[in-house]
file final_22.pdb (PDB, C-alpha atoms)
ATOM      1  CA  MET X  12      18.731  -2.594  15.673
ATOM      2  CA  VAL X  13      17.382   0.723  14.467
ATOM      3  CA  ARG X  14      14.393   0.552  12.154
ATOM      4  CA  GLU X  15      11.587   2.795  10.960
ATOM      5  CA  MET X  16       8.769   3.288  13.437
ATOM      6  CA  LYS X  17       5.627   1.364  12.488
ATOM      7  CA  PRO X  18       2.021   2.035  13.542
ATOM      8  CA  GLU X  19       2.108  -1.103  15.690
ATOM      9  CA  ASP X  20       4.926   0.467  17.759
ATOM     10  CA  ARG X  21       2.596   3.135  19.106
ATOM     11  CA  THR X  22       1.856   1.454  22.441
ATOM     12  CA  ARG X  23       5.528   0.934  23.233
ATOM     13  CA  VAL X  24       6.483   4.431  21.997
ATOM     14  CA  LEU X  25       3.941   5.956  24.355
ATOM     15  CA  GLU X  26       5.057   3.704  27.229
ATOM     16  CA  ILE X  27       8.648   4.868  26.764
ATOM     17  CA  TYR X  28       7.425   8.471  26.568
ATOM     18  CA  SER X  29       5.541   7.916  29.827
ATOM     19  CA  SER X  30       8.740   6.736  31.502
ATOM     20  CA  GLY X  31      10.441   9.929  30.306
ATOM     21  CA  ILE X  32       7.616  12.046  31.705
ATOM     22  CA  ALA X  33       7.982  10.270  35.053
ATOM     23  CA  THR X  34      11.641  11.325  35.370
ATOM     24  CA  ARG X  35      10.597  15.001  35.394
ATOM     25  CA  ASN X  36      13.827  15.742  33.486
ATOM     26  CA  ALA X  37      12.795  14.976  29.907
ATOM     27  CA  THR X  38       9.761  17.134  29.110
ATOM     28  CA  PHE X  39       7.376  19.707  30.516
ATOM     29  CA  GLU X  40       4.506  17.382  29.580
ATOM     30  CA  THR X  41       2.843  15.651  32.526
ATOM     31  CA  GLU X  42       0.463  13.340  30.674
ATOM     32  CA  VAL X  43       0.911  10.962  27.782
ATOM     33  CA  PRO X  44      -1.104  12.136  24.775
ATOM     34  CA  ALA X  45      -3.324   9.903  22.712
ATOM     35  CA  TRP X  46      -1.480   8.397  19.759
ATOM     36  CA  GLU X  47      -3.379  10.572  17.298
ATOM     37  CA  GLU X  48      -2.119  13.715  19.034
ATOM     38  CA  TRP X  49       1.459  12.412  19.250
ATOM     39  CA  ASP X  50       1.326  11.388  15.601
ATOM     40  CA  SER X  51       0.022  14.777  14.446
ATOM     41  CA  ARG X  52       2.845  16.637  16.227
ATOM     42  CA  HIS X  53       5.659  14.755  14.471
ATOM     43  CA  HIS X  54       6.909  14.609  10.907
ATOM     44  CA  LEU X  55       5.900  11.462   9.060
ATOM     45  CA  HIS X  56       9.540  10.968   8.047
ATOM     46  CA  SER X  57      12.516  10.439  10.368
ATOM     47  CA  ARG X  58      10.746   8.309  12.981
ATOM     48  CA  TYR X  59      12.817   5.430  14.283
ATOM     49  CA  VAL X  60      12.829   2.878  17.060
ATOM     50  CA  TYR X  61      15.591   0.769  18.521
ATOM     51  CA  GLU X  62      14.454  -2.823  18.803
ATOM     52  CA  GLU X  63      16.181  -5.799  20.331
ATOM     53  CA  ILE X  64      15.047  -9.123  21.697
ATOM     54  CA  GLY X  65      12.270  -8.264  24.085
ATOM     55  CA  GLY X  66      10.963  -5.322  22.114
ATOM     56  CA  VAL X  67      11.397  -1.634  21.448
ATOM     57  CA  ARG X  68      13.836   0.056  23.844
ATOM     58  CA  GLY X  69      13.889   3.623  22.518
ATOM     59  CA  TRP X  70      12.645   5.988  19.854
ATOM     60  CA  ILE X  71      13.499   9.207  18.074
ATOM     61  CA  ALA X  72      11.305  11.496  15.983
ATOM     62  CA  LEU X  73      11.276  15.007  14.550
ATOM     63  CA  SER X  74       8.677  17.743  14.950
ATOM     64  CA  PRO X  75       8.295  20.864  12.844
ATOM     65  CA  VAL X  76       9.238  23.991  14.798
ATOM     66  CA  SER X  77       6.850  26.208  12.844
ATOM     67  CA  ALA X  78       4.117  26.001  10.234
ATOM     68  CA  ARG X  79       5.760  28.888   8.362
ATOM     69  CA  LYS X  80       7.335  27.828   5.062
ATOM     70  CA  ALA X  81      10.598  29.664   5.837
ATOM     71  CA  TYR X  82      11.206  27.204   8.681
ATOM     72  CA  SER X  83      10.349  24.042   6.758
ATOM     73  CA  GLY X  84      13.922  22.806   7.093
ATOM     74  CA  VAL X  85      14.074  23.193  10.866
ATOM     75  CA  ALA X  86      12.958  20.348  13.111
ATOM     76  CA  GLU X  87      12.996  19.600  16.823
ATOM     77  CA  VAL X  88      14.459  16.299  18.003
ATOM     78  CA  SER X  89      12.650  14.093  20.525
ATOM     79  CA  ILE X  90      14.557  11.080  21.811
ATOM     80  CA  TYR X  91      13.500   8.731  24.574
ATOM     81  CA  ILE X  92      15.176   5.565  25.834
ATOM     82  CA  TYR X  93      13.560   3.152  28.260
ATOM     83  CA  PRO X  94      15.332   3.738  31.617
ATOM     84  CA  SER X  95      16.756   0.227  32.000
ATOM     85  CA  SER X  96      18.261   0.469  28.502
ATOM     86  CA  THR X  97      20.249   3.689  28.913
ATOM     87  CA  GLY X  98      24.031   3.651  28.676
ATOM     88  CA  HIS X  99      24.195   1.002  25.936
ATOM     89  CA  GLY X 100      24.634   3.205  22.868
ATOM     90  CA  ILE X 101      20.979   3.130  21.835
ATOM     91  CA  GLY X 102      20.725   6.922  21.834
ATOM     92  CA  SER X 103      23.799   7.236  19.620
ATOM     93  CA  GLN X 104      22.443   4.768  17.081
ATOM     94  CA  LEU X 105      19.081   6.515  16.968
ATOM     95  CA  MET X 106      20.663   9.974  16.694
ATOM     96  CA  GLN X 107      22.932   8.893  13.841
ATOM     97  CA  LYS X 108      19.974   7.492  11.935
ATOM     98  CA  VAL X 109      17.753  10.553  12.427
ATOM     99  CA  ILE X 110      20.561  12.890  11.333
ATOM    100  CA  GLU X 111      21.053  10.896   8.126
ATOM    101  CA  SER X 112      17.310  10.764   7.480
ATOM    102  CA  SER X 113      16.751  14.444   8.248
ATOM    103  CA  GLU X 114      19.407  15.461   5.743
ATOM    104  CA  GLU X 115      17.861  13.222   3.085
ATOM    105  CA  GLN X 116      14.564  15.014   3.794
ATOM    106  CA  GLY X 117      16.089  18.479   3.362
ATOM    107  CA  ILE X 118      16.201  19.430   7.031
ATOM    108  CA  TRP X 119      19.002  21.968   7.478
ATOM    109  CA  THR X 120      18.764  22.583  11.227
ATOM    110  CA  LEU X 121      17.996  20.181  14.056
ATOM    111  CA  PHE X 122      16.957  21.830  17.298
ATOM    112  CA  SER X 123      16.614  20.590  20.893
ATOM    113  CA  SER X 124      15.518  22.084  24.193
ATOM    114  CA  ILE X 125      16.870  20.091  27.137
ATOM    115  CA  PHE X 126      16.695  20.486  30.900
ATOM    116  CA  PRO X 127      20.199  21.311  32.235
ATOM    117  CA  GLU X 128      19.862  18.439  34.721
ATOM    118  CA  ASN X 129      19.522  15.957  31.833
ATOM    119  CA  THR X 130      23.283  15.653  31.405
ATOM    120  CA  ALA X 131      23.206  12.365  29.485
ATOM    121  CA  THR X 132      21.001  13.860  26.759
ATOM    122  CA  LEU X 133      23.116  17.011  26.614
ATOM    123  CA  ARG X 134      26.256  14.872  26.143
ATOM    124  CA  LEU X 135      24.548  12.837  23.423
ATOM    125  CA  HIS X 136      23.668  15.969  21.483
ATOM    126  CA  GLU X 137      27.135  17.452  21.861
ATOM    127  CA  LYS X 138      28.628  14.155  20.620
ATOM    128  CA  PHE X 139      26.717  14.705  17.360
ATOM    129  CA  ASP X 140      27.910  18.302  16.880
ATOM    130  CA  PHE X 141      24.925  20.062  18.368
ATOM    131  CA  ARG X 142      26.075  23.359  19.824
ATOM    132  CA  ILE X 143      24.587  25.246  22.712
ATOM    133  CA  ILE X 144      22.920  28.413  21.437
ATOM    134  CA  GLY X 145      21.377  29.621  24.658
ATOM    135  CA  ARG X 146      19.571  29.063  27.888
ATOM    136  CA  ARG X 147      15.941  29.891  28.499
ATOM    137  CA  GLU X 148      15.742  30.784  32.172
ATOM    138  CA  ARG X 149      12.542  30.029  34.033
ATOM    139  CA  ILE X 150      10.815  29.318  30.724
ATOM    140  CA  ALA X 151       7.993  27.234  32.223
ATOM    141  CA  GLN X 152       6.880  25.488  35.367
ATOM    142  CA  LEU X 153       6.857  21.773  36.027
ATOM    143  CA  ASP X 154       5.174  20.604  39.218
ATOM    144  CA  GLY X 155       5.009  24.185  40.418
ATOM    145  CA  LYS X 156       8.750  24.840  39.977
ATOM    146  CA  TRP X 157      10.293  27.129  37.362
ATOM    147  CA  ARG X 158      12.679  25.259  35.083
ATOM    148  CA  ASP X 159      15.371  26.318  32.629
ATOM    149  CA  THR X 160      16.151  24.674  29.309
ATOM    150  CA  ILE X 161      19.339  24.578  27.274
ATOM    151  CA  LEU X 162      18.848  25.264  23.551
ATOM    152  CA  LEU X 163      20.987  23.332  21.080
ATOM    153  CA  GLU X 164      21.150  23.188  17.311
ATOM    154  CA  ARG X 165      22.947  21.218  14.653
ATOM    155  CA  ARG X 166      23.328  22.551  11.145
ATOM    156  CA  SER X 167      23.382  20.091   8.289
ATOM    157  CA  LYS X 168      26.785  19.390   6.848
ATOM    158  CA  SER X 169      25.482  17.718   3.700
ATOM    159  CA  THR X 170      22.366  19.466   2.412
ATOM    160  CA  GLY X 171      24.360  22.271   0.812
ATOM    161  CA  ILE X 172      21.798  24.730   2.107
ATOM    162  CA  ILE X 173      24.017  26.107   4.865
ATOM    163  CA  ASP X 174      27.486  27.241   3.863
ATOM    164  CA  GLY X 175      30.313  27.478   6.327
ATOM    165  CA  PHE X 176      29.122  24.851   8.791
TER     166      PHE X 176
END

call {"tool": "encode", "arguments": {"input": "final_22.pdb", "output": "structure tokens"}}
result
Amino acid sequence: MVREMKPEDRTRVLEIYSSGIATRNATFETEVPAWEEWDSRHHLHSRYVYEEIGGVRGWIALSPVSARKAYSGVAEVSIYIYPSSTGHGIGSQLMQKVIESSEEQGIWTLFSSIFPENTATLRLHEKFDFRIIGRRERIAQLDGKWRDTILLERRSKSTGIIDGF
């Protein structure tokens, strides 16, 4: 089931993040941050975990893309599923919940930057009407290799802020 992330989930959230780091296809980060750093980078709203018997299997959270007021309704999506739990619809349930929550919070654009090799995450985003808006070529290095990212965005269909989408 999908539920709000609680402070006591922090150990499992960071463990799942660590497993994403280890794939070398989820993030440019190479080390798991302390909880306080992770917590400070993410909005306090729209943080969810997927829990089943045996514990938390995945999480999703939003980060502000800028401190500038003009971008207050734009947030970056982070979603991580424990490797043995992929392919079971967990990502879809988490994404649906964060979209609903983000719109309730006045977020008008969700943004993601995904490695092109991470095809499962790209498909998940496209399933929820994210559209590709570009490709950043050789944007940064990971393990000494230049990597590209695919940029995606989803405009809110219910906030009334964006017309025509």

call {"tool": "resolve_selection", "arguments": {"input": "final_22.pdb", "expression": "the PyMOL selection byres ((chain X and resi 58-70) around 9)", "output": "PyMOL selection string"}}
result
chain X and resi 12-17+20+23-24+27-28+53-57+71-73+89-97+101-102+104-105+108-109+112

call {"tool": "closest_residue", "arguments": {"input": "final_22.pdb", "among": "X:Ser77, X:Ser83, X:Thr160, X:Ser29", "to": "X:Asn129", "atoms": "all atoms listed in the file"}}
result
X:Thr160

call {"tool": "resolve_selection", "arguments": {"input": "final_22.pdb", "expression": "the PyMOL selection byres ((chain X and resi 163) around 7)", "output": "count of residues only"}}
result
10

call {"tool": "closest_residue", "arguments": {"input": "final_22.pdb", "among": "X:Asp159, X:Glu111, X:Asp154, X:Asp50", "to": "X:Phe139", "atoms": "only C-alpha atoms"}}
result
X:Glu111

call {"tool": "atom_distance", "arguments": {"input": "final_22.pdb", "atom1": "atom CA of X:Thr130", "atom2": "atom CA of X:Gly98"}}
result
12.3 Å

call {"tool": "atom_distance", "arguments": {"input": "final_22.pdb", "atom1": "atom CA of X:Ser74", "atom2": "atom CA of X:Ile32"}}
result
17.7 Å

call {"tool": "atom_distance", "arguments": {"input": "final_22.pdb", "atom1": "atom CA of X:Asn36", "atom2": "atom CA of X:Val76"}}
result
20.9 Å

call {"tool": "closest_atom_pairs", "arguments": {"input": "final_22.pdb", "of": "stretch 96-134 of chain X", "to": "stretch 37-40 of chain X", "cutoff": "9 Å", "atoms": "only C-alpha atoms", "output": "tab-separated table"}}
result
residue	atom	partner	partner_atom	distance
X:Ile125	CA	X:Ala37	CA	7.1
X:Phe126	CA	X:Ala37	CA	6.8
X:Asn129	CA	X:Ala37	CA	7.1
X:Thr132	CA	X:Ala37	CA	8.9

call {"tool": "write_last_selection", "arguments": {"input": "final_22.pdb", "atoms": "C-alpha atoms", "output": "tab-separated table (two decimals), in the coordinates of the input"}}
result
chain	number	residue	atom	x	y	z
X	125	ILE	CA	16.87	20.09	27.14
X	126	PHE	CA	16.70	20.49	30.90
X	129	ASN	CA	19.52	15.96	31.83
X	132	THR	CA	21.00	13.86	26.76

call {"tool": "build_atoms", "arguments": {"input": "final_22.pdb", "residues": "stretch 119-130 of chain X", "atoms": "all heavy atoms", "output": "mmCIF file, in the frame of the given file"}}
result
data_model
loop_
_atom_site.group_PDB
_atom_site.id
_atom_site.type_symbol
_atom_site.label_atom_id
_atom_site.label_comp_id
_atom_site.auth_asym_id
_atom_site.auth_seq_id
_atom_site.Cartn_x
_atom_site.Cartn_y
_atom_site.Cartn_z
ATOM 1 N N TRP X 119 17.688 21.334 7.372
ATOM 2 C CA TRP X 119 19.002 21.968 7.478
ATOM 3 C C TRP X 119 19.393 22.316 8.907
ATOM 4 O O TRP X 119 20.557 22.552 9.174
ATOM 5 C CB TRP X 119 19.104 23.195 6.580
ATOM 6 C CG TRP X 119 18.117 24.294 6.846
ATOM 7 C CD1 TRP X 119 18.185 25.241 7.832
ATOM 8 C CD2 TRP X 119 16.948 24.564 6.111
ATOM 9 N NE1 TRP X 119 17.118 26.086 7.759
ATOM 10 C CE2 TRP X 119 16.330 25.693 6.684
ATOM 11 C CE3 TRP X 119 16.344 23.972 4.988
ATOM 12 C CZ2 TRP X 119 15.147 26.235 6.209
ATOM 13 C CZ3 TRP X 119 15.167 24.526 4.523
ATOM 14 C CH2 TRP X 119 14.578 25.632 5.121
ATOM 15 N N THR X 120 18.434 22.334 9.829
ATOM 16 C CA THR X 120 18.764 22.583 11.227
ATOM 17 C C THR X 120 17.947 21.667 12.121
ATOM 18 O O THR X 120 16.721 21.631 12.024
ATOM 19 C CB THR X 120 18.483 24.049 11.623
ATOM 20 O OG1 THR X 120 19.262 24.916 10.801
ATOM 21 C CG2 THR X 120 18.843 24.310 13.080
ATOM 22 N N LEU X 121 18.645 20.949 13.001
ATOM 23 C CA LEU X 121 17.996 20.181 14.056
ATOM 24 C C LEU X 121 18.116 20.989 15.336
ATOM 25 O O LEU X 121 19.163 21.572 15.628
ATOM 26 C CB LEU X 121 18.652 18.811 14.219
ATOM 27 C CG LEU X 121 18.472 17.848 13.051
ATOM 28 C CD1 LEU X 121 19.257 16.572 13.298
ATOM 29 C CD2 LEU X 121 16.996 17.549 12.818
ATOM 30 N N PHE X 122 17.064 21.007 16.112
ATOM 31 C CA PHE X 122 16.957 21.830 17.298
ATOM 32 C C PHE X 122 16.543 20.952 18.480
ATOM 33 O O PHE X 122 15.780 20.007 18.308
ATOM 34 C CB PHE X 122 15.887 22.903 17.027
ATOM 35 C CG PHE X 122 15.438 23.659 18.230
ATOM 36 C CD1 PHE X 122 16.163 24.737 18.703
ATOM 37 C CD2 PHE X 122 14.270 23.305 18.895
ATOM 38 C CE1 PHE X 122 15.741 25.451 19.820
ATOM 39 C CE2 PHE X 122 13.836 24.009 20.006
ATOM 40 C CZ PHE X 122 14.575 25.085 20.473
ATOM 41 N N SER X 123 17.046 21.279 19.677
ATOM 42 C CA SER X 123 16.614 20.590 20.893
ATOM 43 C C SER X 123 16.556 21.576 22.045
ATOM 44 O O SER X 123 17.346 22.521 22.108
ATOM 45 C CB SER X 123 17.560 19.448 21.262
ATOM 46 O OG SER X 123 17.399 18.360 20.400
ATOM 47 N N SER X 124 15.661 21.323 22.958
ATOM 48 C CA SER X 124 15.518 22.084 24.193
ATOM 49 C C SER X 124 15.556 21.067 25.326
ATOM 50 O O SER X 124 14.660 20.228 25.434
ATOM 51 C CB SER X 124 14.198 22.856 24.177
ATOM 52 O OG SER X 124 14.018 23.583 25.357
ATOM 53 N N ILE X 125 16.593 21.145 26.162
ATOM 54 C CA ILE X 125 16.870 20.091 27.137
ATOM 55 C C ILE X 125 17.042 20.695 28.527
ATOM 56 O O ILE X 125 17.717 21.725 28.685
ATOM 57 C CB ILE X 125 18.151 19.316 26.737
ATOM 58 C CG1 ILE X 125 17.987 18.723 25.324
ATOM 59 C CG2 ILE X 125 18.482 18.227 27.749
ATOM 60 C CD1 ILE X 125 19.260 18.159 24.731
ATOM 61 N N PHE X 126 16.471 20.049 29.529
ATOM 62 C CA PHE X 126 16.695 20.486 30.900
ATOM 63 C C PHE X 126 18.183 20.377 31.234
ATOM 64 O O PHE X 126 18.820 19.362 30.891
ATOM 65 C CB PHE X 126 15.916 19.624 31.895
ATOM 66 C CG PHE X 126 14.429 19.803 31.865
ATOM 67 C CD1 PHE X 126 13.592 18.730 31.644
ATOM 68 C CD2 PHE X 126 13.861 21.047 32.088
ATOM 69 C CE1 PHE X 126 12.212 18.882 31.634
ATOM 70 C CE2 PHE X 126 12.487 21.220 32.078
ATOM 71 C CZ PHE X 126 11.651 20.130 31.847
ATOM 72 N N PRO X 127 18.764 21.366 31.912
ATOM 73 C CA PRO X 127 20.199 21.311 32.235
ATOM 74 C C PRO X 127 20.567 20.104 33.109
ATOM 75 O O PRO X 127 21.693 19.614 33.045
ATOM 76 C CB PRO X 127 20.476 22.620 32.976
ATOM 77 C CG PRO X 127 19.203 23.344 33.097
ATOM 78 C CD PRO X 127 18.137 22.598 32.350
ATOM 79 N N GLU X 128 19.612 19.606 33.867
ATOM 80 C CA GLU X 128 19.862 18.439 34.721
ATOM 81 C C GLU X 128 19.964 17.139 33.920
ATOM 82 O O GLU X 128 20.464 16.133 34.428
ATOM 83 C CB GLU X 128 18.742 18.310 35.765
ATOM 84 C CG GLU X 128 18.638 19.488 36.707
ATOM 85 C CD GLU X 128 17.852 20.680 36.156
ATOM 86 O OE1 GLU X 128 17.284 20.591 35.035
ATOM 87 O OE2 GLU X 128 17.819 21.710 36.853
ATOM 88 N N ASN X 129 19.516 17.152 32.684
ATOM 89 C CA ASN X 129 19.522 15.957 31.833
ATOM 90 C C ASN X 129 20.881 15.855 31.130
ATOM 91 O O ASN X 129 20.996 15.990 29.911
ATOM 92 C CB ASN X 129 18.367 16.030 30.832
ATOM 93 C CG ASN X 129 18.106 14.721 30.137
ATOM 94 O OD1 ASN X 129 18.956 13.840 30.120
ATOM 95 N ND2 ASN X 129 16.942 14.614 29.539
ATOM 96 N N THR X 130 21.906 15.608 31.915
ATOM 97 C CA THR X 130 23.283 15.653 31.405
ATOM 98 C C THR X 130 23.566 14.581 30.355
ATOM 99 O O THR X 130 24.320 14.835 29.426
ATOM 100 C CB THR X 130 24.294 15.552 32.558
ATOM 101 O OG1 THR X 130 24.051 14.350 33.302
ATOM 102 C CG2 THR X 130 24.192 16.762 33.482
#
